[in-house]
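**Student:** Before we start, here is the structure in question, set down as structure tokens.
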Amino acid sequence: MSILSTLLEPTTGTAIIDGHDVRHEKHEVRSILGYLPQDFGLYPVLTAYETLDYMALLCNLSDNAARKERIEGLLKRMNLTDVRDRPVGGFSGGMRQRVGLAQALLNSPKLLIVDEPTAGLDPEERIRVRSLLAELAGERVILLSTHLIEDVQAVADKVGILHKGRLRYVGDIPGMLNEVRGKVWEIEATPEELIPIRGKYLETGLTREGDRLRIRVAAESVDVPGSRQVEPNLEDAYIWLMREERSNIG
């Protein structure tokens with residue numbers, strides 16, 4: 001992501017964004033790019049409006065009327081109009097993320113790069129930010145990095161899974177589920193039986209019902225009495241694709 005956003009020079013090779021080389025055409029790439037890193041700094045004494053006004057000037061939006069119209073539109077879209085005149089230093093994590101998204105959209109980018117946008121947010125703000133990203137995806141290409149399956153399910157048309165810098169899977173969500181379909185099982189067991197099951201099978205989930213456990217595992221077959229095959233979810237697929245014995249595809 002740092003290479004695509006022209007913040008880090010690649011040691012070998014290059015990448016092309018909308019026909020522009022990230023090594024040799026940095027200015028052209030930046031003009032069509034919006035970027036929201038996982039950790040980004042805001043000046044705490046500036047208000048939401050002042051923050052976006054400052055960022056817009058850095059994006060060369062020098063026409064006062066056009067800049068104001070753009071900022072007002074983004075404040076409304078990000079549901080920040082009511083707090084436009086409050087210092088961002090007092091904002092919650094979710095409000096800060098929405099300010100970050102707004103600044104990344106100031107130049108109407110063709111490509112929006114977003115790194116872990118919902119990390120550390122409460123459930124309500126996670127839903128709000130995911131909904132914004134799903135809406136924005138209809139207007140531009142979004143490259144999203146996340147460890148949260150819910151983000152993938154809500155936003156992604158195409159998925160790439162990385163393990164130690166190498167691709168484990170590239171495709172769509174139905175294809176990802178197909179990777180593990182027919183290999184997910186549910187086992188009902190006592191707490192005492194949990195450790196042996198974990199030692200034999202790849203666990204993908206566990207729920208408790210009274211003094212019994214329901215354990216989800218991914219395996220080609222299961223020889224535990226009473227086990228049953230179940231439909232996979234994205235967590236099952238992710239854990240299956242990330243298992244250590246799987247070979248890389250790229």
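We name chains A, B, ... following the order of the structure tokens; residues begin at 1 in each chain, and ligands are numbered from 1 as shown.
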Each residue of segment 105-174 of chain A with at least one atom at most 10 Å from segment 4-27 of chain A should appear once, together with its nearest atom pair and the corresponding distance in Å (one decimal); atoms considered: only C-alpha atoms; ordering: chain, then increasing residue number; output as a tab-separated table.

**Tutor:**
```
residue	atom	partner	partner_atom	distance
A:Lys110	CA	A:Asp18	CA	8.4
A:Leu111	CA	A:Ile17	CA	8.3
A:Leu112	CA	A:Ser5	CA	9.6
A:Ile113	CA	A:Ser5	CA	7.8
```

**Student:** Taking the DSSP assignment computed from this structure's backbone, write out as an MDAnalysis selection string all residues of segment 15-221 of chain A that belong to strand (DSSP E).

**Tutor:** chainID A and resid 16:17 20:21 33:36 111:115 141:145 159:163 166:171 184:189 202:209 212:218

**Student:** Write a file of the just-selected residues containing C-alpha atoms, as an mmCIF file, in the first residue's frame.

**Tutor:**
```
data_model
loop_
_atom_site.group_PDB
_atom_site.id
_atom_site.type_symbol
_atom_site.label_atom_id
_atom_site.label_comp_id
_atom_site.auth_asym_id
_atom_site.auth_seq_id
_atom_site.Cartn_x
_atom_site.Cartn_y
_atom_site.Cartn_z
ATOM 1 C CA ILE A 16 0.854 0.811 -12.855
ATOM 2 C CA ILE A 17 -2.210 2.792 -11.747
ATOM 3 C CA HIS A 20 0.848 5.717 -14.635
ATOM 4 C CA ASP A 21 4.055 4.192 -13.265
ATOM 5 C CA LEU A 33 -5.266 8.724 -5.531
ATOM 6 C CA GLY A 34 -6.939 8.976 -2.128
ATOM 7 C CA TYR A 35 -5.233 7.369 0.866
ATOM 8 C CA LEU A 36 -6.380 6.636 4.408
ATOM 9 C CA LEU A 111 -8.391 4.831 -6.577
ATOM 10 C CA LEU A 112 -9.027 4.964 -2.833
ATOM 11 C CA ILE A 113 -6.563 3.046 -0.631
ATOM 12 C CA VAL A 114 -7.857 2.317 2.871
ATOM 13 C CA ASP A 115 -5.825 0.505 5.526
ATOM 14 C CA VAL A 141 -11.870 1.400 -7.159
ATOM 15 C CA ILE A 142 -11.226 0.818 -3.451
ATOM 16 C CA LEU A 143 -8.229 -1.147 -2.211
ATOM 17 C CA LEU A 144 -9.053 -2.186 1.351
ATOM 18 C CA SER A 145 -6.762 -3.910 3.838
ATOM 19 C CA VAL A 159 -10.460 -10.754 -2.356
ATOM 20 C CA GLY A 160 -6.741 -11.362 -2.003
ATOM 21 C CA ILE A 161 -5.372 -13.209 1.043
ATOM 22 C CA LEU A 162 -1.753 -12.590 2.003
ATOM 23 C CA HIS A 163 0.377 -14.826 4.207
ATOM 24 C CA ARG A 166 2.735 -14.199 -0.487
ATOM 25 C CA LEU A 167 -0.713 -14.653 -2.007
ATOM 26 C CA ARG A 168 -2.739 -17.565 -0.715
ATOM 27 C CA TYR A 169 -5.924 -16.774 -2.620
ATOM 28 C CA VAL A 170 -7.216 -14.339 -5.253
ATOM 29 C CA GLY A 171 -10.853 -14.398 -6.324
ATOM 30 C CA VAL A 184 -16.453 -27.779 7.498
ATOM 31 C CA TRP A 185 -17.825 -29.851 10.346
ATOM 32 C CA GLU A 186 -19.543 -29.200 13.635
ATOM 33 C CA ILE A 187 -18.708 -31.402 16.598
ATOM 34 C CA GLU A 188 -20.605 -31.491 19.891
ATOM 35 C CA ALA A 189 -18.252 -32.278 22.758
ATOM 36 C CA LEU A 202 -8.156 -27.266 12.399
ATOM 37 C CA GLU A 203 -10.538 -25.345 14.647
ATOM 38 C CA THR A 204 -12.471 -22.469 13.044
ATOM 39 C CA GLY A 205 -14.957 -21.608 15.797
ATOM 40 C CA LEU A 206 -16.421 -22.575 19.137
ATOM 41 C CA THR A 207 -19.664 -21.816 20.994
ATOM 42 C CA ARG A 208 -20.862 -22.958 24.404
ATOM 43 C CA GLU A 209 -24.348 -24.326 25.111
ATOM 44 C CA ARG A 212 -21.533 -28.682 26.068
ATOM 45 C CA LEU A 213 -19.402 -27.192 23.331
ATOM 46 C CA ARG A 214 -20.092 -26.865 19.619
ATOM 47 C CA ILE A 215 -16.759 -26.884 17.806
ATOM 48 C CA ARG A 216 -16.367 -25.971 14.129
ATOM 49 C CA VAL A 217 -13.429 -27.604 12.378
ATOM 50 C CA ALA A 218 -12.130 -27.659 8.807
#
```

**Student:** Which polymer residues have any atom within 12 Å of an atom of Ser108 of chain A, counting only C-alpha atoms, with same-chain residues fewer than 3 positions away left out, as a short mmCIF file (atom, residue, chain, number, x, y, z; two decimals) with C-alpha atoms, in the first residue's frame?

**Tutor:**
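After the write, result_21.cif holds the following:
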```
data_model
loop_
_atom_site.label_atom_id
_atom_site.label_comp_id
_atom_site.auth_asym_id
_atom_site.auth_seq_id
_atom_site.Cartn_x
_atom_site.Cartn_y
_atom_site.Cartn_z
CA ARG A 30 -1.07 11.19 -6.53
CA SER A 31 -3.53 13.31 -8.52
CA ILE A 32 -5.90 10.33 -8.92
CA LEU A 33 -5.27 8.72 -5.53
CA GLY A 34 -6.94 8.98 -2.13
CA TYR A 35 -5.23 7.37 0.87
CA ALA A 56 -7.87 20.66 0.35
CA CYS A 59 -4.49 19.01 -2.81
CA LEU A 61 -7.98 23.02 -4.56
CA ARG A 67 -13.21 24.11 -2.27
CA ARG A 70 -16.46 20.15 -1.94
CA ILE A 71 -15.86 20.30 1.82
CA GLY A 73 -20.55 17.99 0.46
CA LEU A 74 -18.11 15.65 2.17
CA LEU A 101 -12.20 9.30 4.70
CA ALA A 102 -13.36 12.80 3.84
CA GLN A 103 -9.81 14.06 3.37
CA ALA A 104 -8.99 11.03 1.19
CA LEU A 105 -11.91 11.94 -1.09
CA LEU A 111 -8.39 4.83 -6.58
CA LEU A 112 -9.03 4.96 -2.83
CA LEU A 136 -18.16 4.65 -2.21
CA GLU A 139 -18.04 5.18 -7.72
CA ARG A 140 -14.35 4.22 -7.75
CA VAL A 141 -11.87 1.40 -7.16
#
```

**Student:** Report, in Å to a single decimal, how far apart atom CA of Arg126 of chain A and atom CA of Met78 of chain A are.

**Tutor:** 13.3 Å

**Student:** Could you list, as an NGL selection string, every residue within 12 Å of Thr51 of chain A, counting only C-alpha atoms and ignoring same-chain residues fewer than 2 positions away?

**Tutor:** :A and (41-49 or 53-58 or 71 or 75 or 84-89 or 96 or 99-100 or 102-104 or 106)

**Student:** Can those selected residues be exported to a file as a short mmCIF file (atom, residue, chain, number, x, y, z; two decimals), in the first residue's frame so that it contains N, CA and C atoms?

**Tutor:**
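Result file follows (result.cif):
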```
data_model
loop_
_atom_site.label_atom_id
_atom_site.label_comp_id
_atom_site.auth_asym_id
_atom_site.auth_seq_id
_atom_site.Cartn_x
_atom_site.Cartn_y
_atom_site.Cartn_z
N GLY A 41 -2.37 11.32 11.29
CA GLY A 41 -2.35 12.40 12.26
C GLY A 41 -3.30 13.53 11.87
N LEU A 42 -3.96 14.09 12.85
CA LEU A 42 -4.79 15.29 12.67
C LEU A 42 -4.33 16.34 13.66
N TYR A 43 -4.41 17.59 13.24
CA TYR A 43 -4.09 18.67 14.18
C TYR A 43 -5.26 18.84 15.14
N PRO A 44 -5.06 18.52 16.43
CA PRO A 44 -6.20 18.43 17.35
C PRO A 44 -6.92 19.76 17.58
N VAL A 45 -6.25 20.89 17.38
CA VAL A 45 -6.89 22.17 17.64
C VAL A 45 -7.74 22.65 16.47
N LEU A 46 -7.57 22.03 15.30
CA LEU A 46 -8.36 22.42 14.14
C LEU A 46 -9.74 21.77 14.20
N THR A 47 -10.73 22.48 13.70
CA THR A 47 -12.07 21.89 13.60
C THR A 47 -12.11 20.95 12.41
N ALA A 48 -13.23 20.22 12.30
CA ALA A 48 -13.39 19.31 11.16
C ALA A 48 -13.33 20.10 9.85
N TYR A 49 -14.01 21.24 9.81
CA TYR A 49 -14.00 22.05 8.58
C TYR A 49 -12.60 22.57 8.30
N ASP A 53 -10.31 21.92 5.05
CA ASP A 53 -9.90 23.10 4.28
C ASP A 53 -8.39 23.10 4.09
N TYR A 54 -7.67 22.78 5.15
CA TYR A 54 -6.20 22.72 5.08
C TYR A 54 -5.75 21.61 4.12
N MET A 55 -6.36 20.43 4.25
CA MET A 55 -6.01 19.31 3.37
C MET A 55 -6.36 19.62 1.92
N ALA A 56 -7.47 20.31 1.71
CA ALA A 56 -7.87 20.66 0.35
C ALA A 56 -6.86 21.60 -0.30
N LEU A 57 -6.33 22.53 0.46
CA LEU A 57 -5.30 23.43 -0.07
C LEU A 57 -4.04 22.64 -0.45
N LEU A 58 -3.71 21.62 0.34
CA LEU A 58 -2.57 20.77 0.01
C LEU A 58 -2.83 19.97 -1.27
N ILE A 71 -15.95 20.61 0.39
CA ILE A 71 -15.86 20.30 1.82
C ILE A 71 -17.25 20.13 2.42
N LEU A 75 -18.61 16.76 4.28
CA LEU A 75 -19.08 16.80 5.67
C LEU A 75 -20.48 16.20 5.77
N ARG A 84 -18.97 20.07 12.57
CA ARG A 84 -18.02 20.72 11.66
C ARG A 84 -17.15 21.74 12.37
N ASP A 85 -17.68 22.38 13.42
CA ASP A 85 -16.95 23.45 14.10
C ASP A 85 -16.36 23.01 15.43
N ARG A 86 -16.32 21.70 15.66
CA ARG A 86 -15.69 21.17 16.86
C ARG A 86 -14.26 20.75 16.58
N PRO A 87 -13.31 20.98 17.51
CA PRO A 87 -11.92 20.53 17.30
C PRO A 87 -11.87 19.01 17.18
N VAL A 88 -11.09 18.51 16.22
CA VAL A 88 -11.03 17.07 15.98
C VAL A 88 -10.32 16.34 17.11
N GLY A 89 -9.58 17.06 17.95
CA GLY A 89 -8.91 16.43 19.08
C GLY A 89 -9.88 15.78 20.06
N ARG A 96 -13.11 10.35 13.84
CA ARG A 96 -11.80 10.62 13.24
C ARG A 96 -11.65 9.85 11.92
N VAL A 99 -13.51 11.67 9.26
CA VAL A 99 -12.73 12.83 8.80
C VAL A 99 -11.61 12.36 7.87
N GLY A 100 -10.97 11.25 8.24
CA GLY A 100 -9.90 10.70 7.40
C GLY A 100 -10.41 10.30 6.03
N ALA A 102 -13.03 11.57 4.55
CA ALA A 102 -13.36 12.80 3.84
C ALA A 102 -12.13 13.42 3.20
N GLN A 103 -11.01 13.46 3.95
CA GLN A 103 -9.81 14.06 3.37
C GLN A 103 -9.27 13.23 2.21
N ALA A 104 -9.46 11.90 2.28
CA ALA A 104 -8.99 11.03 1.19
C ALA A 104 -9.82 11.20 -0.08
N LEU A 106 -11.12 14.25 -1.07
CA LEU A 106 -11.15 15.65 -1.47
C LEU A 106 -10.88 15.84 -2.96
#
```

**Student:** Pick out each residue of segment 125-219 of chain A that DSSP on the backbone tags as alpha helix (DSSP H); I need them as a PyMOL selection string.

**Tutor:** chain A and resi 125-136+149-155+173-178+191-200

**Student:** Please determine, counting only C-alpha atoms, which residue among A:Ser62, A:Glu125, A:Asn107, A:Pro225 has the shortest atom-to-atom distance to Ser92 of chain A.

**Tutor:** A:Glu125

**Student:** Considering only C-alpha atoms, can you say which of A:Gln97, A:Asn64, A:Thr190, A:Gln153 comes closest to Leu234 of chain A?

**Tutor:**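 Among the listed residues, A:Gln153 lies closest to Leu234 of chain A.
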
**Student:** Given the choices A:Ile197, A:Leu80, A:Leu177, A:Val222, which gets closest to Leu241 of chain A if the distance is worked out from only C-alpha atoms?

**Tutor:**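 Among A:Ile197, A:Leu80, A:Leu177, A:Val222, it is A:Leu177 that comes nearest to Leu241 of chain A.
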
**Student:** Considering only C-alpha atoms, state which residue in the set A:Lys164, A:Tyr201, A:Arg77, A:Asp211 is at the smallest distance from Met242 of chain A.

**Tutor:**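 With only C-alpha atoms as the atom set, the closest residue is A:Lys164.
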
**Student:** Given the choices A:Ala119, A:Val29, A:Ala66, A:Ala237, which gets closest to Gly182 of chain A if the distance is worked out from only C-alpha atoms?

**Tutor:**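 Nearest candidate to Gly182 of chain A out of A:Ala119, A:Val29, A:Ala66, A:Ala237: A:Ala237.
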
**Student:** Using only C-alpha atoms, find the one residue out of A:Asn79, A:Thr146, A:Asn178, A:Asn60 that sits nearest to Trp240 of chain A.

**Tutor:**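 Counting only C-alpha atoms, the residue closest to Trp240 of chain A is A:Asn178.
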